[in-house]
file query_24.cif (mmCIF, C-alpha atoms and all ligand atoms)
data_upload
loop_
_atom_site.group_PDB
_atom_site.id
_atom_site.type_symbol
_atom_site.label_atom_id
_atom_site.label_comp_id
_atom_site.auth_asym_id
_atom_site.auth_seq_id
_atom_site.Cartn_x
_atom_site.Cartn_y
_atom_site.Cartn_z
ATOM 1 C CA MET M 1 -58.503 9.871 40.512
ATOM 2 C CA VAL M 2 -58.818 6.810 38.323
ATOM 3 C CA ASN M 3 -56.832 3.665 38.953
ATOM 4 C CA GLN M 4 -53.528 3.639 37.251
ATOM 5 C CA PRO M 5 -53.334 1.956 33.830
ATOM 6 C CA LYS M 6 -51.000 -1.017 33.573
ATOM 7 C CA ILE M 7 -49.029 -2.394 30.687
ATOM 8 C CA LYS M 8 -50.994 -4.710 28.366
ATOM 9 C CA MET M 9 -54.358 -3.548 29.724
ATOM 10 C CA LYS M 10 -56.998 -3.540 27.080
ATOM 11 C CA VAL M 11 -57.948 -0.053 25.869
ATOM 12 C CA VAL M 12 -61.528 0.498 24.817
ATOM 13 C CA GLY M 13 -62.698 3.586 22.973
ATOM 14 C CA SER M 14 -66.194 5.060 23.197
ATOM 15 C CA ASP M 15 -67.115 3.056 20.101
ATOM 16 C CA ARG M 16 -64.966 -0.086 20.105
ATOM 17 C CA ASP M 17 -61.647 -1.651 21.201
ATOM 18 C CA ALA M 18 -58.733 0.696 20.530
ATOM 19 C CA GLY M 19 -55.804 -1.574 21.419
ATOM 20 C CA GLU M 20 -53.713 -2.106 24.547
ATOM 21 C CA VAL M 21 -51.440 -0.113 26.841
ATOM 22 C CA ALA M 22 -47.886 -0.365 25.544
ATOM 23 C CA ASN M 23 -46.218 2.122 27.934
ATOM 24 C CA VAL M 24 -47.029 4.878 30.325
ATOM 25 C CA ILE M 25 -45.394 8.290 30.228
ATOM 26 C CA VAL M 26 -44.380 10.139 33.385
ATOM 27 C CA ASP M 27 -44.457 13.919 33.598
ATOM 28 C CA PRO M 28 -40.952 14.865 34.800
ATOM 29 C CA VAL M 29 -42.295 17.907 36.687
ATOM 30 C CA THR M 30 -45.448 16.598 38.416
ATOM 31 C CA LYS M 31 -44.053 13.052 38.742
ATOM 32 C CA PHE M 32 -47.471 11.694 37.777
ATOM 33 C CA LEU M 33 -48.492 9.777 34.716
ATOM 34 C CA SER M 34 -49.297 12.207 31.948
ATOM 35 C CA HIS M 35 -50.027 9.934 28.978
ATOM 36 C CA ILE M 36 -50.490 6.348 28.023
ATOM 37 C CA VAL M 37 -49.097 4.815 24.896
ATOM 38 C CA VAL M 38 -51.781 2.820 23.117
ATOM 39 C CA ARG M 39 -50.664 0.093 20.764
ATOM 40 C CA THR M 40 -53.411 0.092 18.187
ATOM 41 C CA GLU M 41 -54.575 -2.893 16.185
ATOM 42 C CA ASP M 42 -52.508 -1.848 13.178
ATOM 43 C CA GLY M 43 -49.341 -2.026 15.345
ATOM 44 C CA GLY M 44 -48.945 1.742 15.672
ATOM 45 C CA GLN M 45 -48.283 3.409 19.002
ATOM 46 C CA ARG M 46 -50.223 6.566 19.883
ATOM 47 C CA VAL M 47 -49.589 8.907 22.784
ATOM 48 C CA VAL M 48 -52.935 9.548 24.458
ATOM 49 C CA PRO M 49 -53.246 12.107 27.289
ATOM 50 C CA LEU M 50 -54.400 10.872 30.647
ATOM 51 C CA ASP M 51 -57.461 13.129 30.642
ATOM 52 C CA GLN M 52 -58.932 10.974 27.885
ATOM 53 C CA ILE M 53 -59.180 8.080 30.333
ATOM 54 C CA ALA M 54 -62.698 7.785 31.696
ATOM 55 C CA ASP M 55 -62.128 4.786 33.894
ATOM 56 C CA VAL M 56 -59.595 2.084 34.713
ATOM 57 C CA SER M 57 -60.758 -1.213 36.102
ATOM 58 C CA GLU M 58 -60.179 -4.450 34.186
ATOM 59 C CA GLY M 59 -59.172 -2.315 31.233
ATOM 60 C CA VAL M 60 -58.810 1.284 30.234
ATOM 61 C CA ARG M 61 -62.001 2.947 29.033
ATOM 62 C CA LEU M 62 -61.475 6.072 26.994
ATOM 63 C CA ARG M 63 -63.671 9.097 26.529
ATOM 64 C CA CYS M 64 -62.637 9.367 22.891
ATOM 65 C CA SER M 65 -63.369 6.900 20.143
ATOM 66 C CA ALA M 66 -60.909 4.332 18.733
ATOM 67 C CA VAL M 67 -60.804 6.399 15.539
ATOM 68 C CA GLU M 68 -59.777 9.475 17.509
ATOM 69 C CA VAL M 69 -56.958 7.467 19.164
ATOM 70 C CA SER M 70 -55.420 7.072 15.711
ATOM 71 C CA GLY M 71 -55.352 10.851 15.484
ATOM 72 C CA TYR M 72 -53.063 11.252 18.511
ATOM 73 C CA PRO M 73 -49.342 11.692 17.858
ATOM 74 C CA PRO M 74 -47.320 8.547 17.228
ATOM 75 C CA LEU M 75 -44.712 7.618 19.815
ATOM 76 C CA CYS M 76 -41.301 8.916 18.770
ATOM 77 C CA ARG M 77 -39.131 6.593 20.840
ATOM 78 C CA ASP M 78 -36.019 8.779 20.519
ATOM 79 C CA ASP M 79 -37.847 11.510 22.450
ATOM 80 C CA TYR M 80 -38.184 9.310 25.555
ATOM 81 C CA THR M 81 -35.963 7.353 27.896
ATOM 82 C CA THR M 82 -37.020 4.259 29.800
ATOM 83 C CA VAL M 83 -37.385 4.730 33.549
ATOM 84 C CA HIS M 84 -35.377 2.099 35.391
ATOM 85 C CA GLU M 85 -35.563 0.977 39.005
ATOM 86 C CA GLN M 86 -33.136 3.521 40.445
ATOM 87 C CA GLU M 87 -34.901 6.380 38.720
ATOM 88 C CA LEU M 88 -38.278 5.155 39.905
ATOM 89 C CA ALA M 89 -37.076 5.528 43.484
ATOM 90 C CA GLY M 90 -36.664 9.229 42.791
ATOM 91 C CA LEU M 91 -40.209 9.586 41.511
ATOM 92 C CA GLU M 92 -43.305 9.876 43.660
ATOM 93 C CA ALA M 93 -43.889 6.785 45.777
ATOM 94 C CA ARG M 94 -47.525 6.620 44.759
ATOM 95 C CA LEU M 95 -46.538 6.246 41.125
ATOM 96 C CA ASP M 96 -47.454 2.607 40.654
ATOM 97 C CA VAL M 97 -45.236 1.718 37.708
ATOM 98 C CA ASP M 98 -43.015 -1.284 37.109
ATOM 99 C CA PRO M 99 -39.389 -0.582 36.137
ATOM 100 C CA GLY M 100 -39.017 -0.533 32.383
ATOM 101 C CA HIS M 101 -42.684 0.212 31.739
ATOM 102 C CA ALA M 102 -42.588 3.968 32.146
ATOM 103 C CA LEU M 103 -41.072 6.493 29.787
ATOM 104 C CA LEU M 104 -39.700 9.924 30.604
ATOM 105 C CA PRO M 105 -39.584 12.634 27.953
ATOM 106 C CA VAL M 106 -36.080 13.631 26.947
ATOM 107 C CA PRO M 107 -35.605 17.348 27.722
ATOM 108 C CA GLU M 108 -36.299 19.500 24.664
ATOM 109 C CA GLY M 109 -32.726 20.739 24.474
ATOM 110 C CA ASP M 110 -31.370 17.194 24.228
ATOM 111 C CA ARG M 111 -33.914 15.824 21.822
ATOM 112 C CA ASP M 112 -32.181 16.676 18.647
ATOM 113 C CA ILE M 113 -28.933 14.986 19.675
ATOM 114 C CA PRO M 114 -29.640 11.761 17.742
ATOM 115 C CA ARG M 115 -30.648 13.833 14.751
ATOM 116 C CA ARG M 116 -27.718 16.145 15.209
ATOM 117 C CA SER M 117 -25.316 13.224 15.455
ATOM 118 C CA PHE M 118 -26.945 11.721 12.389
ATOM 119 C CA PHE M 119 -26.384 14.926 10.449
ATOM 120 C CA THR M 120 -22.827 15.149 11.770
ATOM 121 C CA LYS M 121 -22.110 11.624 10.570
ATOM 122 C CA PHE M 122 -23.919 12.323 7.341
ATOM 123 C CA THR M 123 -21.795 15.438 6.770
ATOM 124 C CA ILE M 124 -18.599 13.506 7.509
ATOM 125 C CA ALA M 125 -19.664 10.785 5.079
ATOM 126 C CA ILE M 126 -20.419 13.343 2.347
ATOM 127 C CA ASN M 127 -17.066 15.044 2.931
ATOM 128 C CA ALA M 128 -15.308 11.689 2.790
ATOM 129 C CA VAL M 129 -16.961 10.896 -0.539
ATOM 130 C CA LEU M 130 -16.020 14.334 -1.894
ATOM 131 C CA ALA M 131 -12.433 14.002 -0.638
ATOM 132 C CA LEU M 132 -11.935 10.523 -2.079
ATOM 133 C CA PRO M 133 -10.890 11.621 -5.598
ATOM 134 C CA LEU M 134 -8.305 13.933 -4.018
ATOM 135 C CA ALA M 135 -7.086 11.488 -1.396
ATOM 136 C CA TYR M 136 -6.795 8.489 -3.714
ATOM 137 C CA PRO M 137 -3.737 9.668 -5.706
ATOM 138 C CA VAL M 138 -1.998 10.700 -2.463
ATOM 139 C CA PHE M 139 -2.799 7.343 -0.897
ATOM 140 C CA LYS M 140 -1.638 5.578 -4.034
ATOM 141 C CA PHE M 141 1.592 7.560 -3.938
ATOM 142 C CA LEU M 142 2.167 6.615 -0.316
ATOM 143 C CA ILE M 143 1.663 2.917 -0.926
ATOM 144 C CA HIS M 144 3.476 3.063 -4.258
ATOM 145 C CA PRO M 145 6.767 1.815 -2.824
ATOM 146 C CA MET M 146 4.976 -1.256 -1.480
ATOM 147 C CA TYR M 147 2.571 -2.108 -4.270
ATOM 148 C CA GLY M 148 3.398 -0.115 -7.388
ATOM 149 C CA PRO M 149 5.600 -1.416 -10.194
ATOM 150 C CA PHE M 150 9.207 -0.209 -10.146
ATOM 151 C CA ASP M 151 10.221 2.501 -12.555
ATOM 152 C CA ASN M 152 13.209 1.187 -14.513
ATOM 153 C CA THR M 153 13.527 4.188 -16.777
ATOM 154 C CA TRP M 154 17.109 5.060 -17.668
ATOM 155 C CA VAL M 155 18.184 8.577 -16.735
ATOM 156 C CA THR M 156 21.123 10.359 -18.358
ATOM 157 C CA LEU M 157 23.388 11.467 -15.536
ATOM 158 C CA ALA M 158 26.762 12.451 -17.011
ATOM 159 C CA ARG M 159 29.098 11.968 -19.973
ATOM 160 C CA THR M 160 32.223 9.866 -20.127
ATOM 161 C CA ASP M 161 34.257 12.830 -21.400
ATOM 162 C CA GLN M 162 33.613 14.617 -18.102
ATOM 163 C CA PHE M 163 35.967 12.196 -16.376
ATOM 164 C CA GLN M 164 39.617 12.764 -17.244
ATOM 165 C CA ASP M 165 40.797 11.349 -13.928
ATOM 166 C CA VAL M 166 39.906 8.092 -12.258
ATOM 167 C CA ASP M 167 38.497 7.911 -8.737
ATOM 168 C CA THR M 168 37.259 11.496 -8.852
ATOM 169 C CA PRO M 169 33.535 11.238 -8.164
ATOM 170 C CA LYS M 170 31.157 14.039 -9.079
ATOM 171 C CA SER M 171 27.626 14.683 -7.969
ATOM 172 C CA TYR M 172 25.063 15.081 -10.751
ATOM 173 C CA ARG M 173 21.589 16.512 -10.308
ATOM 174 C CA PHE M 174 18.639 15.510 -12.388
ATOM 175 C CA ARG M 175 14.922 16.189 -12.388
ATOM 176 C CA LYS M 176 12.613 13.395 -11.372
ATOM 177 C CA THR M 177 8.912 13.447 -12.145
ATOM 178 C CA LEU M 178 6.471 11.200 -10.373
ATOM 179 C CA LYS M 179 3.001 10.900 -11.798
ATOM 180 C CA GLU M 180 0.195 9.562 -9.624
ATOM 181 C CA GLY M 181 -3.280 9.814 -11.088
ATOM 182 C CA TYR M 182 -3.595 13.445 -12.101
ATOM 183 C CA LEU M 183 -1.033 14.595 -9.549
ATOM 184 C CA GLU M 184 2.466 15.159 -10.842
ATOM 185 C CA ARG M 185 5.469 15.970 -8.688
ATOM 186 C CA THR M 186 8.824 17.069 -10.043
ATOM 187 C CA PHE M 187 11.824 17.394 -7.778
ATOM 188 C CA ASP M 188 15.615 17.477 -7.867
ATOM 189 C CA LYS M 189 17.679 14.433 -7.045
ATOM 190 C CA SER M 190 21.356 13.684 -7.320
ATOM 191 C CA HIS M 191 23.633 10.683 -7.650
ATOM 192 C CA TRP M 192 27.375 10.301 -7.781
ATOM 193 C CA ALA M 193 29.189 9.122 -10.903
ATOM 194 C CA MET M 194 32.855 8.396 -11.457
ATOM 195 C CA LYS M 195 35.363 6.621 -13.588
ATOM 196 C CA ALA M 196 36.835 4.018 -11.265
ATOM 197 C CA SER M 197 40.401 2.769 -11.267
ATOM 198 C CA PRO M 198 40.861 -1.031 -11.579
ATOM 199 C CA GLU M 199 41.560 -1.215 -7.833
ATOM 200 C CA THR M 200 38.372 0.677 -6.981
ATOM 201 C CA LEU M 201 36.364 -1.454 -9.398
ATOM 202 C CA GLU M 202 37.700 -4.561 -7.725
ATOM 203 C CA ALA M 203 36.804 -3.165 -4.293
ATOM 204 C CA ILE M 204 33.290 -2.310 -5.438
ATOM 205 C CA TYR M 205 32.459 -5.491 -7.320
ATOM 206 C CA GLN M 206 34.767 -7.910 -5.524
ATOM 207 C CA GLY M 207 35.113 -10.029 -8.639
ATOM 208 C CA LYS M 208 31.369 -10.348 -9.299
ATOM 209 C CA ASP M 209 28.981 -8.640 -11.663
ATOM 210 C CA VAL M 210 26.014 -7.062 -9.898
ATOM 211 C CA GLU M 211 22.490 -7.987 -10.961
ATOM 212 C CA PHE M 212 19.481 -5.715 -10.574
ATOM 213 C CA ARG M 213 16.129 -7.386 -10.335
ATOM 214 C CA ASP M 214 12.616 -6.213 -10.943
ATOM 215 C CA LYS M 215 9.777 -6.658 -8.463
ATOM 216 C CA ASN M 216 8.927 -10.033 -9.977
ATOM 217 C CA GLY M 217 12.519 -11.212 -9.511
ATOM 218 C CA ASP M 218 13.561 -10.903 -13.160
ATOM 219 C CA VAL M 219 17.036 -9.527 -13.817
ATOM 220 C CA TYR M 220 16.640 -6.340 -15.848
ATOM 221 C CA TRP M 221 20.251 -5.172 -15.777
ATOM 222 C CA VAL M 222 23.721 -6.402 -14.888
ATOM 223 C CA ASN M 223 26.595 -4.069 -13.971
ATOM 224 C CA ARG M 224 29.676 -5.669 -15.477
ATOM 225 C CA ARG M 225 32.657 -5.516 -13.150
ATOM 226 C CA ASN M 226 34.999 -4.433 -15.947
ATOM 227 C CA VAL M 227 33.004 -1.309 -16.899
ATOM 228 C CA PRO M 228 34.853 1.569 -15.263
ATOM 229 C CA TYR M 229 31.933 3.959 -14.904
ATOM 230 C CA VAL M 230 30.098 3.595 -11.622
ATOM 231 C CA VAL M 231 27.095 5.385 -10.149
ATOM 232 C CA PHE M 232 26.419 5.551 -6.426
ATOM 233 C CA SER M 233 22.999 6.496 -5.066
ATOM 234 C CA GLY M 234 23.048 10.020 -3.650
ATOM 235 C CA LYS M 235 21.393 8.825 -0.452
ATOM 236 C CA CYS M 236 23.359 7.673 2.555
ATOM 237 C CA PRO M 237 22.305 4.085 3.411
ATOM 238 C CA HIS M 238 22.075 5.010 7.079
ATOM 239 C CA LEU M 239 19.016 7.274 7.000
ATOM 240 C CA GLY M 240 18.995 8.715 3.512
ATOM 241 C CA CYS M 241 20.860 12.023 3.878
ATOM 242 C CA GLY M 242 22.933 13.481 1.054
ATOM 243 C CA TYR M 243 26.716 13.189 1.418
ATOM 244 C CA LYS M 244 29.827 14.904 0.055
ATOM 245 C CA TRP M 245 33.174 13.902 -1.426
ATOM 246 C CA ARG M 246 35.686 15.803 0.642
ATOM 247 C CA SER M 247 38.749 15.611 2.813
ATOM 248 C CA THR M 248 38.359 14.811 6.484
ATOM 249 C CA LYS M 249 40.694 14.971 9.455
ATOM 250 C CA LYS M 250 41.534 11.352 9.088
ATOM 251 C CA TYR M 251 41.161 10.708 5.356
ATOM 252 C CA ALA M 252 42.597 12.647 2.466
ATOM 253 C CA MET M 253 39.376 12.248 0.514
ATOM 254 C CA ALA M 254 36.236 10.312 1.441
ATOM 255 C CA PHE M 255 32.503 10.372 1.145
ATOM 256 C CA LEU M 256 31.263 12.098 4.310
ATOM 257 C CA CYS M 257 27.658 12.108 5.426
ATOM 258 C CA PRO M 258 27.182 15.069 7.768
ATOM 259 C CA CYS M 259 24.003 13.766 9.375
ATOM 260 C CA HIS M 260 25.579 11.130 11.617
ATOM 261 C CA LEU M 261 29.134 11.224 10.321
ATOM 262 C CA SER M 262 29.264 8.045 8.330
ATOM 263 C CA ILE M 263 32.392 8.012 6.189
ATOM 264 C CA TYR M 264 32.936 5.841 3.112
ATOM 265 C CA ASP M 265 35.967 5.303 0.942
ATOM 266 C CA ILE M 266 36.071 5.728 -2.828
ATOM 267 C CA ALA M 267 34.588 2.239 -3.298
ATOM 268 C CA GLY M 268 31.685 3.088 -0.973
ATOM 269 C CA THR M 269 32.998 0.878 1.814
ATOM 270 C CA VAL M 270 32.076 2.100 5.306
ATOM 271 C CA LEU M 271 35.153 3.454 7.092
ATOM 272 C CA THR M 272 33.395 4.740 10.168
ATOM 273 C CA GLY M 273 29.965 5.794 11.448
ATOM 274 C CA PRO M 274 26.568 4.150 11.846
ATOM 275 C CA ALA M 275 25.969 3.283 8.162
ATOM 276 C CA PRO M 276 24.860 -0.376 8.026
ATOM 277 C CA ARG M 277 26.123 -1.095 4.496
ATOM 278 C CA PRO M 278 28.332 0.345 1.743
ATOM 279 C CA LEU M 279 27.052 3.018 -0.604
ATOM 280 C CA ASP M 280 24.444 1.702 -2.994
ATOM 281 C CA VAL M 281 25.725 1.057 -6.499
ATOM 282 C CA LEU M 282 23.057 1.798 -9.088
ATOM 283 C CA PRO M 283 22.555 0.280 -12.535
ATOM 284 C CA THR M 284 25.035 1.976 -14.853
ATOM 285 C CA ARG M 285 25.324 1.841 -18.622
ATOM 286 C CA VAL M 286 27.257 3.820 -21.198
ATOM 287 C CA THR M 287 25.582 4.613 -24.492
ATOM 288 C CA PRO M 288 27.529 4.503 -27.789
ATOM 289 C CA GLY M 289 27.373 8.312 -27.729
ATOM 290 C CA GLY M 290 29.157 8.437 -24.369
ATOM 291 C CA ASP M 291 26.246 9.176 -22.060
ATOM 292 C CA ILE M 292 26.397 7.616 -18.614
ATOM 293 C CA GLU M 293 22.916 6.487 -17.693
ATOM 294 C CA THR M 294 21.429 5.058 -14.535
ATOM 295 C CA VAL M 295 18.122 3.849 -13.153
ATOM 296 C CA ASP M 296 16.998 5.984 -10.240
ATOM 297 C CA ILE M 297 16.263 3.294 -7.702
ATOM 298 C CA GLU M 298 16.217 3.577 -3.924
ATOM 299 C CA PHE M 299 16.896 0.972 -1.287
ATOM 300 C CA LYS M 300 15.468 1.000 2.201
ATOM 301 C CA ALA M 301 17.704 2.953 4.569
ATOM 302 C CA GLY M 302 19.045 1.502 7.795
ATOM 303 C CA LEU M 303 19.284 -2.137 6.658
ATOM 304 C CA VAL M 304 22.348 -4.261 6.078
ATOM 305 C CA GLY M 305 20.780 -5.835 3.000
ATOM 306 C CA ARG M 306 19.391 -3.939 0.029
ATOM 307 C CA VAL M 307 15.606 -3.857 -0.242
ATOM 308 C CA ARG M 308 14.407 -1.829 -3.183
ATOM 309 C CA VAL M 309 11.578 0.566 -2.393
ATOM 310 C CA ILE M 310 11.477 2.748 -5.521
HETATM 311 S S1 LIG V 1 22.105 9.563 7.276
HETATM 312 FE FE1 LIG V 1 24.165 9.429 6.731
HETATM 313 S S2 LIG V 1 25.108 8.902 8.554
HETATM 314 FE FE2 LIG V 1 23.064 9.012 9.086
#
call {"tool": "encode", "arguments": {"input": "query_24.cif", "output": "structure tokens"}}
result
Amino acid sequence: MVNQPKIKMKVVGSDRDAGEVANVIVDPVTKFLSHIVVRTEDGGQRVVPLDQIADVSEGVRLRCSAVEVSGYPPLCRDDYTTVHEQELAGLEARLDVDPGHALLPVPEGDRDIPRRSFFTKFTIAINAVLALPLAYPVFKFLIHPMYGPFDNTWVTLARTDQFQDVDTPKSYRFRKTLKEGYLERTFDKSHWAMKASPETLEAIYQGKDVEFRDKNGDVYWVNRRNVPYVVFSGKCPHLGCGYKWRSTKKYAMAFLCPCHLSIYDIAGTVLTGPAPRPLDVLPTRVTPGGDIETVDIEFKAGLVGRVRVI
């Protein structure tokens, strides 16, 4: 049995210097050294079997030539783990190796894990790249309320000749189309329109015109307090449910939201329930031809103040 090679020992081939010992490799079954790792002059690391060692004294003398050392397999570091102090205690006592200098081969079955995890990550990355064109419009739609410009398009909701009586609100449905990238969604929405009596107008506007502002703060429409046609958003300001105009036990007629039983009077004032604010009045204009038009805007539910989100 030759002396055991040590780290940094000079390695000499049968013809010339081959390099130095960079590591030693322990056989996990026999618990003896099985290979040395020779760092060659070009910086490469070659795994040389122990039976190529002729002698170990001041250095390691090999049976093979320095050229043949270059023909041994390069060290694939991922295929080995470093043996630390605790693990050394479990190896044969006669194994004369300093902690950190010896390598143990990773079991065959575990070797591909780094490669497997690489391919897993690679696959995820490829899928993410492929999914991006699909996800972008959805993401853009989701953040639209925060970052997109408001849509101030006027929508025809009703006609003035549909209101013979004052303070008789009617729900009107309309189709709304949202276009995001190449995705287009069309869905039904509804708002309430009515011809308000002077008393109801006064209760709604309380002597003041109502301004509607764009995202940049510019006023894009003013509801004049003397225009009798009024549109209320179809969404309850509490949590956004739809509501009805109907009689209740306590009120002859009122707007009733069935979700949490908020009740509003004809002017949208909260009579009872958890609603934090009156019904939302929307921009309303009457065309010369008698169409009642509105801008389909939405305010954040659950707040006392009105914060436009769409
Ligand atoms: S959503 Fe209308 S009362 Fe809650």
call {"tool": "closest_residue", "arguments": {"input": "query_24.cif", "among": "M:Asn23, M:Thr168, M:Thr30, M:Ser233", "to": "Met9 (chain M)", "atoms": "all atoms listed in the file"}}
result
M:Asn23
call {"tool": "resolve_selection", "arguments": {"input": "query_24.cif", "expression": "the PyMOL selection byres (((chain M and resi 150) around 6) and not hetatm)", "output": "PyMOL selection string"}}
result
chain M and resi 149+151+310
call {"tool": "atom_distance", "arguments": {"input": "query_24.cif", "atom1": "CA of Leu261 (chain M)", "atom2": "CA of Lys195 (chain M)"}}
result
25.1 Å
call {"tool": "resolve_selection", "arguments": {"input": "query_24.cif", "expression": "the PyMOL selection byres (((chain M and resi 172) around 6) and not hetatm)", "output": "list in words"}}
result
Ser171, Arg173, Ser190 and His191 of chain M
call {"tool": "residues_near_ligand", "arguments": {"input": "query_24.cif", "ligand": "ligand LIG 1 (chain V)", "cutoff": "12 Å", "atoms": "only C-alpha atoms and all ligand atoms", "output": "mmCIF file with C-alpha atoms, in the frame of the given file"}}
result
data_model
loop_
_atom_site.group_PDB
_atom_site.id
_atom_site.type_symbol
_atom_site.label_atom_id
_atom_site.label_comp_id
_atom_site.auth_asym_id
_atom_site.auth_seq_id
_atom_site.Cartn_x
_atom_site.Cartn_y
_atom_site.Cartn_z
ATOM 1 C CA GLY M 234 23.048 10.020 -3.650
ATOM 2 C CA LYS M 235 21.393 8.825 -0.452
ATOM 3 C CA CYS M 236 23.359 7.673 2.555
ATOM 4 C CA PRO M 237 22.305 4.085 3.411
ATOM 5 C CA HIS M 238 22.075 5.010 7.079
ATOM 6 C CA LEU M 239 19.016 7.274 7.000
ATOM 7 C CA GLY M 240 18.995 8.715 3.512
ATOM 8 C CA CYS M 241 20.860 12.023 3.878
ATOM 9 C CA GLY M 242 22.933 13.481 1.054
ATOM 10 C CA TYR M 243 26.716 13.189 1.418
ATOM 11 C CA LYS M 244 29.827 14.904 0.055
ATOM 12 C CA PHE M 255 32.503 10.372 1.145
ATOM 13 C CA LEU M 256 31.263 12.098 4.310
ATOM 14 C CA CYS M 257 27.658 12.108 5.426
ATOM 15 C CA PRO M 258 27.182 15.069 7.768
ATOM 16 C CA CYS M 259 24.003 13.766 9.375
ATOM 17 C CA HIS M 260 25.579 11.130 11.617
ATOM 18 C CA LEU M 261 29.134 11.224 10.321
ATOM 19 C CA SER M 262 29.264 8.045 8.330
ATOM 20 C CA ILE M 263 32.392 8.012 6.189
ATOM 21 C CA TYR M 264 32.936 5.841 3.112
ATOM 22 C CA VAL M 270 32.076 2.100 5.306
ATOM 23 C CA LEU M 271 35.153 3.454 7.092
ATOM 24 C CA THR M 272 33.395 4.740 10.168
ATOM 25 C CA GLY M 273 29.965 5.794 11.448
ATOM 26 C CA PRO M 274 26.568 4.150 11.846
ATOM 27 C CA ALA M 275 25.969 3.283 8.162
ATOM 28 C CA PRO M 276 24.860 -0.376 8.026
ATOM 29 C CA ARG M 277 26.123 -1.095 4.496
ATOM 30 C CA PRO M 278 28.332 0.345 1.743
ATOM 31 C CA LEU M 279 27.052 3.018 -0.604
ATOM 32 C CA LYS M 300 15.468 1.000 2.201
ATOM 33 C CA ALA M 301 17.704 2.953 4.569
ATOM 34 C CA GLY M 302 19.045 1.502 7.795
#
call {"tool": "closest_residue", "arguments": {"input": "query_24.cif", "among": "M:Ile292, M:Leu134, M:Ile266, M:Val106", "to": "Thr160 (chain M)", "atoms": "all atoms listed in the file"}}
result
M:Ile292
call {"tool": "closest_atom_pairs", "arguments": {"input": "query_24.cif", "of": "region 21-62 of chain M", "to": "region 95-105 of chain M", "cutoff": "10 Å", "atoms": "all atoms listed in the file", "output": "tab-separated table"}}
result
residue	atom	partner	partner_atom	distance
M:Ala22	CA	M:His101	CA	8.1
M:Asn23	CA	M:His101	CA	5.5
M:Val24	CA	M:Ala102	CA	4.9
M:Ile25	CA	M:Leu103	CA	4.7
M:Val26	CA	M:Leu104	CA	5.4
M:Asp27	CA	M:Leu104	CA	6.9
M:Pro28	CA	M:Leu104	CA	6.6
M:Lys31	CA	M:Leu95	CA	7.6
M:Phe32	CA	M:Leu95	CA	6.5
M:Leu33	CA	M:Leu95	CA	7.6
M:Ser34	CA	M:Leu104	CA	10.0
M:His35	CA	M:Leu103	CA	9.6
M:Ile36	CA	M:Ala102	CA	9.2
M:Val37	CA	M:Leu103	CA	9.5
call {"tool": "resolve_selection", "arguments": {"input": "query_24.cif", "expression": "the PyMOL selection byres (((chain M and resi 188) around 9) and not hetatm)", "output": "ChimeraX atom specification"}}
result
/M:173-177,186-187,189-190
call {"tool": "closest_residue", "arguments": {"input": "query_24.cif", "among": "M:Asp214, M:Asp79, M:Asp167, M:Asp209", "to": "Asn152 (chain M)", "atoms": "only C-alpha atoms"}}
result
M:Asp214
call {"tool": "closest_residue", "arguments": {"input": "query_24.cif", "among": "M:Val67, M:Asp78, M:Met194, M:Ile124", "to": "Glu293 (chain M)", "atoms": "all atoms listed in the file"}}
result
M:Met194
call {"tool": "atom_distance", "arguments": {"input": "query_24.cif", "atom1": "CA of Val309 (chain M)", "atom2": "CA of Lys215 (chain M)"}}
result
9.6 Å
call {"tool": "residues_around", "arguments": {"input": "query_24.cif", "residues": "Arg224 (chain M)", "least_positions_apart": "6", "cutoff": "10 Å", "atoms": "all atoms listed in the file", "output": "PDB file with C-alpha atoms, in the coordinates of the input"}}
result
ATOM      1  CA  LEU M 201      36.364  -1.454  -9.398  1.00  0.00           C
ATOM      2  CA  TYR M 205      32.459  -5.491  -7.320  1.00  0.00           C
ATOM      3  CA  GLY M 207      35.113 -10.029  -8.639  1.00  0.00           C
ATOM      4  CA  LYS M 208      31.369 -10.348  -9.299  1.00  0.00           C
ATOM      5  CA  ASP M 209      28.981  -8.640 -11.663  1.00  0.00           C
ATOM      6  CA  VAL M 210      26.014  -7.062  -9.898  1.00  0.00           C
ATOM      7  CA  GLU M 211      22.490  -7.987 -10.961  1.00  0.00           C
ATOM      8  CA  PRO M 283      22.555   0.280 -12.535  1.00  0.00           C
ATOM      9  CA  THR M 284      25.035   1.976 -14.853  1.00  0.00           C
ATOM     10  CA  ARG M 285      25.324   1.841 -18.622  1.00  0.00           C
TER      11      ARG M 285
END
call {"tool": "residues_around", "arguments": {"input": "query_24.cif", "residues": "Asn3 (chain M)", "least_positions_apart": "5", "cutoff": "8 Å", "atoms": "all atoms listed in the file", "output": "list in words"}}
result
Asp55, Val56 and Ser57 of chain M
call {"tool": "atom_distance", "arguments": {"input": "query_24.cif", "atom1": "CA of Lys249 (chain M)", "atom2": "CA of Asp265 (chain M)"}}
result
13.7 Å
call {"tool": "axis_aligned_box", "arguments": {"input": "query_24.cif", "around": "region 16-26 of chain M", "padding_each_side": "4 Å", "output": "JSON"}}
result
{"center_x": -54.7, "center_y": 4.0, "center_z": 26.7, "size_x": 28.6, "size_y": 20.2, "size_z": 21.3}
call {"tool": "closest_residue", "arguments": {"input": "query_24.cif", "among": "M:Ala203, M:Ala135, M:Arg225, M:Glu298", "to": "Leu183 (chain M)", "atoms": "only C-alpha atoms"}}
result
M:Ala135
call {"tool": "closest_residue", "arguments": {"input": "query_24.cif", "among": "M:Asp296, M:Val60, M:Asn216, M:Pro73", "to": "Ile7 (chain M)", "atoms": "all atoms listed in the file"}}
result
M:Val60
call {"tool": "residues_around", "arguments": {"input": "query_24.cif", "residues": "Lys8 (chain M)", "least_positions_apart": "6", "cutoff": "10 Å", "atoms": "all atoms listed in the file", "output": "tab-separated table (two decimals) with C-alpha atoms, in the frame of the given file"}}
result
chain	number	residue	atom	x	y	z
M	19	GLY	CA	-55.80	-1.57	21.42
M	20	GLU	CA	-53.71	-2.11	24.55
M	21	VAL	CA	-51.44	-0.11	26.84
M	22	ALA	CA	-47.89	-0.36	25.54
M	23	ASN	CA	-46.22	2.12	27.93
M	38	VAL	CA	-51.78	2.82	23.12
M	39	ARG	CA	-50.66	0.09	20.76
M	59	GLY	CA	-59.17	-2.32	31.23
